[in-house]
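> What follows is a single structure, and I will ask about it in a moment.
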Amino acid sequence: MIEEQFASGESFVHHLDPRMKIITAFIYAVVVALSSGFPALLAALAVSLVLITLARLSMRKVLYRLVVVNGLILFLWIFLPFTYQGEAWFTLGPLHATREGIAFAIQITVKCNAILLALIALLATTPIVTLGHAMGRLRVPDILIQLFLFTYRYIHVIFQEYDRLRNAMKARGFVPRTNTHTYRSYAYLVGMLLVRSYDRAERIHKAMLCRGFRGKYHTLSQFSVTRGDVAYFMVMVSVILGMVLIQWKAIR
Amino acid sequence: MHISEGVLSAPVLVTGAALAAAGISVGLKKMDPEKIPQVAVLSSAFFVASLIHVPIGPSSVHLILNGINGLLLGWLCFPSILVALALQAILFQFGGITVLGINTVNMALPGVICYYLFSRLVTHERKVISLASGFACGFLAVFLSAILVALSLVWAEGSFTEAAELIVVAHLPVMIIEGLITLFCVAFLKRVKPELLGGRHEKRAW
Amino acid sequence: MEGNTLIINLKDISFSYAPDTPVLDKLSFHLHRGERIGLVGPNGSGKTTFFYLVMGLLRPSSGTIEVFGKQVQAEKDFRDVRKRIGLLFQDADDQLFSPTVLEDVAFGPLNLGKSPQEARDIAMATLTKLGLLGFEDRITYRLSGGEKRLVSLATVLAMDPEVLLLDEPTNGLDEDTEEKITDILKGLSLSCIFISHNLDFLSKTTDRIYAMANGKIFLDEALVPHSHIHTHKFGRLPHEHKS
Amino acid sequence: MEGNTLIINLKDISFSYAPDTPVLDKLSFHLHRGERIGLVGPNGSGKTTFFYLVMGLLRPSSGTIEVFGKQVQAEKDFRDVRKRIGLLFQDADDQLFSPTVLEDVAFGPLNLGKSPQEARDIAMATLTKLGLLGFEDRITYRLSGGEKRLVSLATVLAMDPEVLLLDEPTNGLDEDTEEKITDILKGLSLSCIFISHNLDFLSKTTDRIYAMANGKIFLDEALVPHSHIHTHKFGRLPHEHKS
Ligand SMILES: Nc1ncnc2c1ncn2[C@@H]1O[C@H](COP(=O)(O)OP(=O)(O)OP(=O)(O)O)[C@@H](O)[C@H]1O
Ligand SMILES: Nc1ncnc2c1ncn2[C@@H]1O[C@H](COP(=O)(O)OP(=O)(O)OP(=O)(O)O)[C@@H](O)[C@H]1O
Ligand SMILES: [Mg+2]
Ligand SMILES: [Mg+2]
C-alpha cells in the first residue's frame with residue numbers, strides 16, 4: 001500500500017505552517033544544490049540533521065529511505081574517483097584514483113543526503129493533501145493543484161484494483177519469469193488498469209456535473225500563521241543566508 | 001531513471017526547470033479543466049503501473065511507460081509526469097525538488113515525441129504496422145530518456161561520461177521490455193477500448 | 001393538477017450504448033411530487049442508465065424528458081435539473097473525489113455560487129444532521145465503505161435537492177450502517193427514487209415499487225402478505241430472508 | 001487414513017489487516033477429499049480473507065496451513081497449491097484481464113507450462129463444457145455480468161483443479177444463469193468450498209454448511225425445515241428469498 005510514512009506526528013515541525021515549510025525547503029534545496037565548498041555543505045548537513053531531529057521521526061525509517069535513494073550516488077562512486085582529472089592518490093590495477101575525484105564524490109554524496117534529509121523533515125512531514133492546498137496558496141496554477149490532488153486521491157483506488165488483479169493472476173499459477181508470456185500478461189494488466197481508470201474518470205466527471213460543476217474549481221482551504229511559524233521562518237532564512245555567506249567566502 | 005539531488009550543476013538544473021515549465025504550460029493550455037479527472041485518474045494508473053517490477057534474468061526492473069503515457073495523453077504527459085514525480089519525491093524521496101524540472105523533461109519529452117511519431121501508426125489497420133510501432137514507441141521512449149539522462153549528467157560534469165555511457169547501455173534490456181510491454185498494451189487497448197489511443201484528451205483535436 | 005405535481009416525466013425513451021443492443025426501449029415513467037418510489041431489476045437491466053438519462057448525463061436516442069414541467073434536451077437545460085435533483089452514485093469512490101470530507105460536501109454548494117464561508121456552514125450543518133460531525137477533516141480515501149456511503153449522501157443533501165435519486169444506497173453495508181441510512185432516509189420529506197436489490201429496505205422507505213425489465217419500467221403496487229414454507233440447512237441459526 | 005484424505009488443514013490461524021482488528025482469530029478448519037462444503041457468514045466476517053489465506057495470497061500472523069499433506073508457508077510452497085486449487089474471485093472484474101475470452105481461459109494452462117496449442121485446446125474444451133462455445137473471441141471487458149461469471153468459472157476449470165473455492169458464485173446473477181451455474185457445479189466431482197449468502201444454492205450443491213463468525217468457522221449440520229410468514233410489497237411478482 002502507498003503510505004505517507006512520515007506525515008503523522010506531533011512534533012513542532014509537523015505543526016508548522018505548510019507554506020513556510022514549502023518555501024524554506026525550496027530555497028534551502030536550491031542553495032545547497034548550488035553550493036560546492038565543504039564548509040557550506042557540512043553546515044548544510046548539520047542543519048538537515050537538526051531538522052530531522054526536531055521532526056522526531058523514526059531513524060530506522062529515515063535511514064532505510066536514504067539507503068534506497070542513494071542508488072545513483074553509489075553508482076557514480078564506482079566511476080568518479082577514476083575518471084575525475086587530478087593528482088593520482090592510489091592505484092587499482094590500471095586505474096588511478098584521484099584525490100579530486102574522491103573529494104567530488106564525497107561532495108555529491110553530502111549534498112544529496114543533506115537535501116534529502118531536509119525534504120523528509122520539511123515536506124514528507126506534511127500530509128499530501130495539505131501540501132496541495134498550501135501550494136495553491138503559493139500561486140501554483142490551480143489546474144496543476146487539482147491534478148495533483150486528484151491523482152493522489154485515485155492512486156489508492158487504482159492500487160487496490162491492481163492488487164486484486166495481481167492476486168487473481170497469482171491464483172491462476174502466474175509466476176513472473178523472463179519470457180514473453182510474462183510481459184504480455186503484465187501489459188494486459190496495465191491495459192486493464194488504464195481502461196478501468198478511464199471508465200472511472202467518466203463516472204467521476206458525471207458525479208461532478210451532478211453537483212453543479214461547470215469547469216471552475218473552488219477552494220476552501222485556510223491557513224493561519226502563528227508566532228512559532230514566524231520564528232521558524234526567520235531562523236531558517238538566517239541559517240540559509242549564513243550558508244550562502246560561507247559558500248561565497250569559500251569561492252572568493 | 002531519476003537523477004538524484006545534488007548531482008547536477010546549476011546550468012543543467014535551470015535549463016531543465018525552464019524546459020519543464022515550457023512543456024507543462026503547453027500541456028496545461030491543451031488541458032480542458034473539465035478533463036482533469038480523466039488526466040488525473042490515468043496519471044494515477046501510470047503511477048501504480050510504474051510500481052510493477054518485471055523480472056529480467058535474475059534481477060528485475062520497474063516499468064517506466066512514458067511511451068504509452070505519451071500516446072494516451074500527448075502534451076498532457078508533461079503535467080501528468082510532473083505530478084507523478086512530485087508524488088514520488090514526497091512519498092518515497094525518489095528524485096527531489098531541484099531536479100524535478102530536469103527529471104520531468106527527461107521522461108516527458110520522449111513521451112511527446114513518441115506521441116507525434118506513433119499515435120497515428122499504432123491505430124493503423126495493418127496489424128504489423130500497429131504492433132511494430134507499439135514496440136518502437138516503448139523502445140524509443142526509454143532510449144531517448146536514457147540519452148537525455150546521460151546528456152544531463154555529462155553536461156553537468158565531464159567526468160560523468162563513462163557512467164553516463166553505462167547508463168544508456170544498461171537500459172538496453174529495459175528498452176526491449178518496455179517495447180514489448182507497450183506493444184502488447186497497445187494491442188490490448190486497440191481491441192478493448194480503441195478510443196483511448198490517440199491523445200484524445202487534448203483540447204484541440206489534431 | 002398534473003402540470004403542478006409532475007416532476008419527472010419520461011416519454012418513449014430509447015437508449016443504447018452499442019448500436020445493436022438497446023438498454024432502454026421506449027421507456028415511459030413519471031414521478032409526482034411527494035412520491036417515494038423503489039426500483040428493482042436484475043443486474044444490467046438499465047437502472048443506473050435510467051438515472052443517468054434523467055440527470056442528462058446520457059442523452060436518449062429518441063423520446064422526450066420533462067423535468068419540473070419543462071422539456072429538457074440540451075446540456076444547458078440539465079444544469080438546472082442537476083441543481084434540483086440529487087443523485088447518489090452506485091460506487092461511492094466515484095462520488096468522493098475531493099481530498100477531504102469537508103471539501104467534498106462543500107463542492108456542490110460552492111458550484112451553486114455560495115461563498116466559501118456559506119458553503120462551509122452548509123457542509124457542517126449537513127454533516128451534523130447525518131451524525132458525521134468530527135469527520136470534516138478526514139481524508140476521503142481512508143474512510144470505510146459505510147462511512148463513504150454516508151458522506152456521499154451528505155454531499156448530495158448539501159445541495160438541498162427537491163428530489164433524490166439513490167443508486168443502491170445500502171449495497172455492501174453492514175446492518176448497523178444500513179439501519180442508520182434507512183432511518184435517515186425515512187426522515188427526509190423529499191420525492192425520491194431508490195434503486196435497490198434489498199426489498200426490506202425498499203418496503204421501509206418507499207411507497208411503491210417498480211420493476212425494470214426488457215428496457216421498460218413496470219409497476220407492481222400490491223402489498224401482498226404471503227408465506228413460504230421452505231427447508232434449508234443452517235435453519236437453526238438465526239437468519240433473515242432478504243428479498 | 002487421515003493423512004490420505006485431508007487436503008486442506010488450517011490450525012489456529014490468526015490474521016488481521018490492521019493491527020488492532022483481528023479478522024481471523026485462531027481459526028481451525030479442514031477439508032477432506034470429496035467433501036463439498038458451503039460457507040456462510042455476514043458481510044465482513046472474513047470469508048474472502050479465509051480463501052486468500054488458503055491460496056497464499058495473504059499470510060497468517062500465526063498458525064499453520066497444510067495443503068495436500070504438506071505444510072505451506074513461503075511463496076514457493078503456494079505455487080504448487082495454486083496449481084491444484086482453483087479460486088473463483090468474488091468480483092469477476094478482478095479475474096478477467098485479458099482482452100479476449102480465449103486468451104483469458106488459456107492463461108492458466110499457459111502458466112502450468114502447456115504449449116500455446118495445448119492451452120488453446122484446453123480453453124476451447126472448457127468453454128464447450130460450460131456451453132460458452134462462440135464466446136472465444138468476445139472482448140471480456142464487454143461481457144455482461146452473468147457472462148463474466150461463467151467465463152471466470154471457465155478460467156478456473158481450465159486449470160483442471162482438484163479443489164474448487166468459489167466466492168459467491170451466484171452473486172448478482174439472474175435466475176437462468178444461476179440455475180445454469182448450479183447445474184454445472186452439481187455435475188463436477190471435485191472437493192469444494194462455496195461461499196454464498198444463497199442457502200438455496202448451497203443446499204443444492206453442498207453436503208454441509210459451515211458458518212463464519214467472530215473470526216472462526218463453526219459447523220451447523222442440521223437440516224431444519226421451517227417456514228416464515230412475512231409481508232412485503234412486490235410479493236405478487238415472482239420472487240425468491242435469498243438468505
Ligand atoms: N459505459 C458503458 N458502455 C457500454 N455499455 C454499458 C455501459 N454502461 C453500462 N453498459 C451496459 O448497459 C446495460 C445496463 O447497464 P446499467 O449499469 O444501467 O444496469 P443496472 O441495472 O444499473 O445494473 P446493476 O444492477 O449491475 O448496477 C448493461 O448491459 C451494461 O453492460
Ligand atoms: N485489503 C484490505 N485492507 C484492509 N481491510 C480489509 C481488506 N480486505 C478486507 N478487509 C476487512 O477485513 C474484513 C473481512 O473482509 P472479507 O472480505 O474477508 O469479508 P467477507 O466475509 O468476504 O465479506 P463479504 O461478504 O462482504 O464479501 C472486513 O471488515 C473488511 O473490511
Ligand atoms: Mg447500476
Ligand atoms: Mg467476500
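For the C-alpha cells, the naming scheme is as follows: chains receive sequential letters (A, B, ...) according to their order of presentation, residues are indexed from 1 within each chain, and ligands are indexed from 1 in presentation order.
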Would you kindly report the residues of chain C within 9 Å of chain A, using only C-alpha atoms, as a ChimeraX atom specification?
/C:52,55-57,79-83,85-89,93-100,102-103,106-112,116-117,119-120,139-141,155-156,159
> Counting only C-alpha atoms and all ligand atoms, which residues of chain D fall within 10 Å of ligand 4, and what is the closest atom pair for each with its distance in Å at one decimal, ordered by chain and rising number, as JSON lines?

{"residue": "D:Gly41", "atom": "CA", "partner": "ligand 4", "partner_atom_place_in_ligand_line": "1 (Mg)", "distance": 9.5}
{"residue": "D:Pro42", "atom": "CA", "partner": "ligand 4", "partner_atom_place_in_ligand_line": "1 (Mg)", "distance": 9.3}
{"residue": "D:Asn43", "atom": "CA", "partner": "ligand 4", "partner_atom_place_in_ligand_line": "1 (Mg)", "distance": 7.0}
{"residue": "D:Gly44", "atom": "CA", "partner": "ligand 4", "partner_atom_place_in_ligand_line": "1 (Mg)", "distance": 6.9}
{"residue": "D:Ser45", "atom": "CA", "partner": "ligand 4", "partner_atom_place_in_ligand_line": "1 (Mg)", "distance": 8.2}
{"residue": "D:Gly46", "atom": "CA", "partner": "ligand 4", "partner_atom_place_in_ligand_line": "1 (Mg)", "distance": 6.9}
{"residue": "D:Lys47", "atom": "CA", "partner": "ligand 4", "partner_atom_place_in_ligand_line": "1 (Mg)", "distance": 5.5}
{"residue": "D:Thr48", "atom": "CA", "partner": "ligand 4", "partner_atom_place_in_ligand_line": "1 (Mg)", "distance": 4.1}
{"residue": "D:Thr49", "atom": "CA", "partner": "ligand 4", "partner_atom_place_in_ligand_line": "1 (Mg)", "distance": 7.2}
{"residue": "D:Phe50", "atom": "CA", "partner": "ligand 4", "partner_atom_place_in_ligand_line": "1 (Mg)", "distance": 9.1}
{"residue": "D:Phe51", "atom": "CA", "partner": "ligand 4", "partner_atom_place_in_ligand_line": "1 (Mg)", "distance": 9.0}
{"residue": "D:Phe89", "atom": "CA", "partner": "ligand 4", "partner_atom_place_in_ligand_line": "1 (Mg)", "distance": 8.6}
{"residue": "D:Gln90", "atom": "CA", "partner": "ligand 4", "partner_atom_place_in_ligand_line": "1 (Mg)", "distance": 6.2}
{"residue": "D:Asp91", "atom": "CA", "partner": "ligand 4", "partner_atom_place_in_ligand_line": "1 (Mg)", "distance": 9.0}
{"residue": "D:Asp167", "atom": "CA", "partner": "ligand 4", "partner_atom_place_in_ligand_line": "1 (Mg)", "distance": 6.6}
{"residue": "D:Glu168", "atom": "CA", "partner": "ligand 4", "partner_atom_place_in_ligand_line": "1 (Mg)", "distance": 7.5}
{"residue": "D:Ile195", "atom": "CA", "partner": "ligand 4", "partner_atom_place_in_ligand_line": "1 (Mg)", "distance": 8.0}
{"residue": "D:Ser196", "atom": "CA", "partner": "ligand 4", "partner_atom_place_in_ligand_line": "1 (Mg)", "distance": 9.0}
> Check every residue of chain B for an atom within 12 Å of chain D, counting only C-alpha atoms, and provide those that qualify as a PDB file with all heavy atoms, in the first residue's frame.

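Listed below is the output, iface08.pdb:
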ATOM      1  N   PHE B 184       2.182  -4.996 -26.483  1.00  0.00           N
ATOM      2  CA  PHE B 184       1.022  -5.772 -26.032  1.00  0.00           C
ATOM      3  C   PHE B 184      -0.068  -4.868 -25.468  1.00  0.00           C
ATOM      4  O   PHE B 184      -1.262  -5.133 -25.614  1.00  0.00           O
ATOM      5  CB  PHE B 184       1.442  -6.792 -24.982  1.00  0.00           C
ATOM      6  CG  PHE B 184       2.248  -7.927 -25.549  1.00  0.00           C
ATOM      7  CD1 PHE B 184       3.506  -8.237 -25.058  1.00  0.00           C
ATOM      8  CD2 PHE B 184       1.728  -8.708 -26.574  1.00  0.00           C
ATOM      9  CE1 PHE B 184       4.242  -9.282 -25.573  1.00  0.00           C
ATOM     10  CE2 PHE B 184       2.461  -9.760 -27.100  1.00  0.00           C
ATOM     11  CZ  PHE B 184       3.716 -10.046 -26.597  1.00  0.00           C
ATOM     12  N   CYS B 185       0.361  -3.807 -24.821  1.00  0.00           N
ATOM     13  CA  CYS B 185      -0.607  -2.889 -24.226  1.00  0.00           C
ATOM     14  C   CYS B 185      -1.400  -2.175 -25.321  1.00  0.00           C
ATOM     15  O   CYS B 185      -2.620  -2.028 -25.226  1.00  0.00           O
ATOM     16  CB  CYS B 185       0.143  -1.892 -23.345  1.00  0.00           C
ATOM     17  SG  CYS B 185      -0.894  -1.091 -22.159  1.00  0.00           S
ATOM     18  N   VAL B 186      -0.696  -1.765 -26.373  1.00  0.00           N
ATOM     19  CA  VAL B 186      -1.376  -1.135 -27.498  1.00  0.00           C
ATOM     20  C   VAL B 186      -2.350  -2.125 -28.139  1.00  0.00           C
ATOM     21  O   VAL B 186      -3.494  -1.790 -28.445  1.00  0.00           O
ATOM     22  CB  VAL B 186      -0.347  -0.632 -28.533  1.00  0.00           C
ATOM     23  CG1 VAL B 186      -0.996  -0.372 -29.872  1.00  0.00           C
ATOM     24  CG2 VAL B 186       0.328   0.633 -28.029  1.00  0.00           C
ATOM     25  N   ALA B 187      -1.900  -3.377 -28.292  1.00  0.00           N
ATOM     26  CA  ALA B 187      -2.783  -4.393 -28.874  1.00  0.00           C
ATOM     27  C   ALA B 187      -4.024  -4.567 -28.009  1.00  0.00           C
ATOM     28  O   ALA B 187      -5.145  -4.700 -28.509  1.00  0.00           O
ATOM     29  CB  ALA B 187      -2.042  -5.723 -29.006  1.00  0.00           C
ATOM     30  N   PHE B 188      -3.817  -4.555 -26.707  1.00  0.00           N
ATOM     31  CA  PHE B 188      -4.938  -4.687 -25.769  1.00  0.00           C
ATOM     32  C   PHE B 188      -5.917  -3.523 -25.940  1.00  0.00           C
ATOM     33  O   PHE B 188      -7.111  -3.721 -26.136  1.00  0.00           O
ATOM     34  CB  PHE B 188      -4.381  -4.707 -24.334  1.00  0.00           C
ATOM     35  CG  PHE B 188      -5.435  -4.815 -23.266  1.00  0.00           C
ATOM     36  CD1 PHE B 188      -5.763  -6.057 -22.721  1.00  0.00           C
ATOM     37  CD2 PHE B 188      -6.086  -3.695 -22.790  1.00  0.00           C
ATOM     38  CE1 PHE B 188      -6.723  -6.159 -21.736  1.00  0.00           C
ATOM     39  CE2 PHE B 188      -7.059  -3.795 -21.808  1.00  0.00           C
ATOM     40  CZ  PHE B 188      -7.382  -5.033 -21.276  1.00  0.00           C
ATOM     41  N   LEU B 189      -5.386  -2.303 -25.882  1.00  0.00           N
ATOM     42  CA  LEU B 189      -6.260  -1.133 -25.954  1.00  0.00           C
ATOM     43  C   LEU B 189      -6.969  -1.056 -27.293  1.00  0.00           C
ATOM     44  O   LEU B 189      -8.126  -0.666 -27.381  1.00  0.00           O
ATOM     45  CB  LEU B 189      -5.444   0.149 -25.722  1.00  0.00           C
ATOM     46  CG  LEU B 189      -4.871   0.288 -24.309  1.00  0.00           C
ATOM     47  CD1 LEU B 189      -3.991   1.522 -24.206  1.00  0.00           C
ATOM     48  CD2 LEU B 189      -5.983   0.358 -23.274  1.00  0.00           C
ATOM     49  N   LYS B 190      -6.266  -1.442 -28.347  1.00  0.00           N
ATOM     50  CA  LYS B 190      -6.875  -1.390 -29.674  1.00  0.00           C
ATOM     51  C   LYS B 190      -8.109  -2.276 -29.743  1.00  0.00           C
ATOM     52  O   LYS B 190      -9.094  -1.946 -30.382  1.00  0.00           O
ATOM     53  CB  LYS B 190      -5.853  -1.848 -30.721  1.00  0.00           C
ATOM     54  CG  LYS B 190      -5.656  -0.852 -31.836  1.00  0.00           C
ATOM     55  CD  LYS B 190      -4.685  -1.367 -32.848  1.00  0.00           C
ATOM     56  CE  LYS B 190      -5.399  -1.691 -34.125  1.00  0.00           C
ATOM     57  NZ  LYS B 190      -4.485  -2.100 -35.191  1.00  0.00           N
ATOM     58  N   ARG B 191      -8.009  -3.422 -29.083  1.00  0.00           N
ATOM     59  CA  ARG B 191      -9.148  -4.322 -29.145  1.00  0.00           C
ATOM     60  C   ARG B 191     -10.220  -3.946 -28.131  1.00  0.00           C
ATOM     61  O   ARG B 191     -11.399  -4.057 -28.389  1.00  0.00           O
ATOM     62  CB  ARG B 191      -8.683  -5.757 -28.888  1.00  0.00           C
ATOM     63  CG  ARG B 191      -8.073  -6.371 -30.128  1.00  0.00           C
ATOM     64  CD  ARG B 191      -7.843  -7.837 -29.945  1.00  0.00           C
ATOM     65  NE  ARG B 191      -6.654  -8.070 -29.139  1.00  0.00           N
ATOM     66  CZ  ARG B 191      -6.281  -9.287 -28.748  1.00  0.00           C
ATOM     67  NH1 ARG B 191      -6.992 -10.340 -29.063  1.00  0.00           N
ATOM     68  NH2 ARG B 191      -5.187  -9.446 -28.046  1.00  0.00           N
ATOM     69  N   VAL B 192      -9.802  -3.524 -26.931  1.00  0.00           N
ATOM     70  CA  VAL B 192     -10.760  -3.351 -25.842  1.00  0.00           C
ATOM     71  C   VAL B 192     -11.363  -1.951 -25.820  1.00  0.00           C
ATOM     72  O   VAL B 192     -12.561  -1.786 -25.633  1.00  0.00           O
ATOM     73  CB  VAL B 192     -10.079  -3.672 -24.491  1.00  0.00           C
ATOM     74  CG1 VAL B 192     -11.002  -3.350 -23.337  1.00  0.00           C
ATOM     75  CG2 VAL B 192      -9.694  -5.145 -24.455  1.00  0.00           C
ATOM     76  N   LYS B 193     -10.555  -0.933 -25.993  1.00  0.00           N
ATOM     77  CA  LYS B 193     -11.074   0.429 -25.946  1.00  0.00           C
ATOM     78  C   LYS B 193     -10.241   1.330 -26.845  1.00  0.00           C
ATOM     79  O   LYS B 193      -9.425   2.119 -26.379  1.00  0.00           O
ATOM     80  CB  LYS B 193     -11.052   0.943 -24.509  1.00  0.00           C
ATOM     81  CG  LYS B 193     -12.126   1.977 -24.251  1.00  0.00           C
ATOM     82  CD  LYS B 193     -12.474   2.079 -22.788  1.00  0.00           C
ATOM     83  CE  LYS B 193     -13.525   3.131 -22.591  1.00  0.00           C
ATOM     84  NZ  LYS B 193     -14.871   2.593 -22.451  1.00  0.00           N
ATOM     85  N   PRO B 194     -10.459   1.224 -28.153  1.00  0.00           N
ATOM     86  CA  PRO B 194      -9.604   1.943 -29.102  1.00  0.00           C
ATOM     87  C   PRO B 194      -9.649   3.450 -28.910  1.00  0.00           C
ATOM     88  O   PRO B 194      -8.685   4.143 -29.237  1.00  0.00           O
ATOM     89  CB  PRO B 194     -10.160   1.531 -30.468  1.00  0.00           C
ATOM     90  CG  PRO B 194     -11.432   0.819 -30.213  1.00  0.00           C
ATOM     91  CD  PRO B 194     -11.451   0.372 -28.811  1.00  0.00           C
TER      92      PRO B 194
END
> Over all C-alpha atoms, paired in order, superpose chain C onto chain D by least squares and report how large the RMSD is in Å.
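The RMSD between chain C and chain D over C-alpha atoms is 0.9 Å.
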> Name the residues in contact with His14 (chain A) at a cut-off of 10 Å, using only C-alpha atoms, excluding same-chain residues fewer than 2 positions from it; report them as a list in words.
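Result of the neighbour search: Phe6, Ala7, Ser8, Gly9, Glu10, Ser11, Phe12, Leu16, Asp17, Pro18, Lys21, Leu54, Ala55, Arg56, Ala121, Leu122, Leu123, Ala124, Thr125, Thr126 and Pro127 of chain A.
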> Rounded to one decimal in Å, what is the spacing between CA of Leu143 (chain D) and CA of Thr170 (chain D)?
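Result for CA of Leu143 (chain D) versus CA of Thr170 (chain D): 16.3 Å, one decimal.
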> Taking the backbone alone, and naming residues the way the document does, which bits of region 8-104 of chain D are helix (DSSP H, G or I) by DSSP, as a list in words?
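Output for region 8-104 of chain D, helix (DSSP H, G or I) only: Lys47, Thr48, Thr49, Phe50, Phe51, Tyr52, Leu53, Val54, Met55, Glu75, Lys76, Asp77, Phe78, Arg79, Asp80, Val81, Arg82, Lys83, Arg84, Ala92, Asp93, Asp94, Gln95, Val101, Leu102, Glu103 and Asp104 of chain D.
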> Mind writing the picked residues with N, CA, C and O atoms as a short mmCIF file (atom, residue, chain, number, x, y, z; two decimals), in the first residue's frame?

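So selection_38.cif came out as:
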data_model
loop_
_atom_site.label_atom_id
_atom_site.label_comp_id
_atom_site.auth_asym_id
_atom_site.auth_seq_id
_atom_site.Cartn_x
_atom_site.Cartn_y
_atom_site.Cartn_z
N LYS D 47 -14.75 -14.20 5.17
CA LYS D 47 -14.84 -15.37 4.30
C LYS D 47 -13.83 -15.28 3.16
O LYS D 47 -13.08 -16.22 2.89
N THR D 48 -13.83 -14.14 2.48
CA THR D 48 -12.89 -13.96 1.38
C THR D 48 -11.45 -14.04 1.89
O THR D 48 -10.59 -14.67 1.26
N THR D 49 -11.21 -13.43 3.03
CA THR D 49 -9.87 -13.47 3.64
C THR D 49 -9.43 -14.91 3.87
O THR D 49 -8.27 -15.27 3.63
N PHE D 50 -10.34 -15.75 4.33
CA PHE D 50 -10.06 -17.17 4.55
C PHE D 50 -9.57 -17.84 3.26
O PHE D 50 -8.55 -18.54 3.25
N PHE D 51 -10.26 -17.59 2.17
CA PHE D 51 -9.83 -18.14 0.88
C PHE D 51 -8.44 -17.64 0.50
O PHE D 51 -7.60 -18.39 0.01
N TYR D 52 -8.21 -16.34 0.68
CA TYR D 52 -6.91 -15.76 0.33
C TYR D 52 -5.79 -16.44 1.11
O TYR D 52 -4.69 -16.63 0.60
N LEU D 53 -6.07 -16.77 2.37
CA LEU D 53 -5.04 -17.41 3.18
C LEU D 53 -4.74 -18.81 2.67
O LEU D 53 -3.58 -19.23 2.61
N VAL D 54 -5.78 -19.54 2.30
CA VAL D 54 -5.57 -20.89 1.78
C VAL D 54 -4.72 -20.86 0.51
O VAL D 54 -3.85 -21.70 0.29
N MET D 55 -4.95 -19.84 -0.31
CA MET D 55 -4.22 -19.74 -1.58
C MET D 55 -2.86 -19.06 -1.42
O MET D 55 -2.14 -18.89 -2.39
N GLU D 75 6.11 -18.29 -0.39
CA GLU D 75 5.52 -18.09 -1.71
C GLU D 75 5.73 -19.32 -2.60
O GLU D 75 4.84 -19.75 -3.32
N LYS D 76 6.92 -19.90 -2.50
CA LYS D 76 7.24 -21.04 -3.36
C LYS D 76 6.35 -22.25 -3.10
O LYS D 76 5.91 -22.93 -4.02
N ASP D 77 6.07 -22.49 -1.80
CA ASP D 77 5.19 -23.62 -1.45
C ASP D 77 3.81 -23.43 -2.07
O ASP D 77 3.18 -24.36 -2.53
N PHE D 78 3.35 -22.17 -2.06
CA PHE D 78 1.99 -21.92 -2.51
C PHE D 78 1.86 -22.04 -4.02
O PHE D 78 0.77 -22.22 -4.54
N ARG D 79 2.98 -21.91 -4.74
CA ARG D 79 2.89 -22.04 -6.19
C ARG D 79 2.29 -23.38 -6.57
O ARG D 79 1.49 -23.49 -7.49
N ASP D 80 2.69 -24.41 -5.85
CA ASP D 80 2.16 -25.73 -6.13
C ASP D 80 0.68 -25.81 -5.74
O ASP D 80 -0.14 -26.37 -6.46
N VAL D 81 0.36 -25.19 -4.59
CA VAL D 81 -1.03 -25.18 -4.14
C VAL D 81 -1.94 -24.58 -5.21
O VAL D 81 -3.00 -25.10 -5.53
N ARG D 82 -1.48 -23.47 -5.78
CA ARG D 82 -2.33 -22.75 -6.73
C ARG D 82 -2.56 -23.53 -8.01
O ARG D 82 -3.50 -23.26 -8.75
N LYS D 83 -1.65 -24.48 -8.28
CA LYS D 83 -1.88 -25.31 -9.46
C LYS D 83 -3.00 -26.31 -9.22
O LYS D 83 -3.62 -26.79 -10.15
N ARG D 84 -3.21 -26.67 -7.96
CA ARG D 84 -4.14 -27.75 -7.66
C ARG D 84 -5.45 -27.27 -7.06
O ARG D 84 -6.41 -28.03 -6.95
N ALA D 92 -16.00 -10.78 -10.65
CA ALA D 92 -15.46 -11.32 -11.90
C ALA D 92 -14.56 -10.30 -12.60
O ALA D 92 -13.65 -10.66 -13.33
N ASP D 93 -14.80 -9.01 -12.35
CA ASP D 93 -13.97 -8.00 -12.99
C ASP D 93 -12.52 -8.07 -12.54
O ASP D 93 -11.63 -7.57 -13.21
N ASP D 94 -12.29 -8.64 -11.37
CA ASP D 94 -10.92 -8.76 -10.90
C ASP D 94 -10.24 -9.97 -11.52
O ASP D 94 -9.03 -10.10 -11.47
N GLN D 95 -11.02 -10.88 -12.03
CA GLN D 95 -10.45 -12.12 -12.50
C GLN D 95 -10.08 -12.07 -13.98
O GLN D 95 -9.17 -12.74 -14.42
N VAL D 101 -11.84 -13.63 -24.41
CA VAL D 101 -12.21 -14.76 -23.57
C VAL D 101 -11.22 -15.91 -23.73
O VAL D 101 -10.74 -16.48 -22.74
N LEU D 102 -10.88 -16.23 -24.97
CA LEU D 102 -9.99 -17.37 -25.20
C LEU D 102 -8.65 -17.15 -24.51
O LEU D 102 -8.13 -18.05 -23.83
N GLU D 103 -8.09 -15.97 -24.66
CA GLU D 103 -6.81 -15.69 -24.02
C GLU D 103 -6.90 -15.81 -22.51
O GLU D 103 -5.98 -16.29 -21.86
N ASP D 104 -8.02 -15.35 -21.96
CA ASP D 104 -8.14 -15.40 -20.51
C ASP D 104 -8.23 -16.84 -20.03
O ASP D 104 -7.61 -17.22 -19.03
#
> As a ChimeraX atom specification, list the residues of region 37-73 of chain C assigned to strand (DSSP E or B) by DSSP on the backbone atoms of this structure.
/C:37-40,62-67,70-72
> Using only C-alpha atoms, which protein or nucleic acid residues come within 12 Å of Gln247 (chain A)? Drop anything in the same chain fewer than 3 positions from it, and give the result as a PyMOL selection string.
chain A and resi 31-44+240-244+250-252
> I'd like the contact shell of region 109-113 of chain A - 8 Å cut-off, only C-alpha atoms, skipping same-chain residues fewer than 2 positions apart - returned as a PyMOL selection string.
(chain A and resi 32-33+41-42+44-45+66+73+105-107+115-117) or (chain B and resi 4-7)
> Using only C-alpha atoms and all ligand atoms, can you tell me which of D:Leu27, D:Ile184, D:Leu202, D:Leu173 comes closest to ligand 1?
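Of D:Leu27, D:Ile184, D:Leu202, D:Leu173, the one nearest ligand 1 is D:Leu173, counting only C-alpha atoms and all ligand atoms.
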> Which residue gives the smallest distance to ligand 2 among C:Phe68, C:Glu35, C:Gly113, C:Glu175, with only C-alpha atoms and all ligand atoms counted?
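That would be C:Glu175, the residue with the smallest distance to ligand 2.
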> Need the shell around Pro81 (chain A): protein/DNA/RNA residues with any atom at most 12 Å away, counting only C-alpha atoms. Skip same-chain ones fewer than 5 positions apart. Format as a list in words?
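Selected residues are Leu74, Phe75, Leu76, Gly86, Glu87, Ala88, Trp89, Phe90, Thr91, Leu92, Leu95, His96, Ala97, Thr98, Arg99, Glu100, Gly101, Ile102, Ala103, Phe104, Ala105 and Ile106 of chain A; Ser159, Phe160, Glu162 and Ala163 of chain B.
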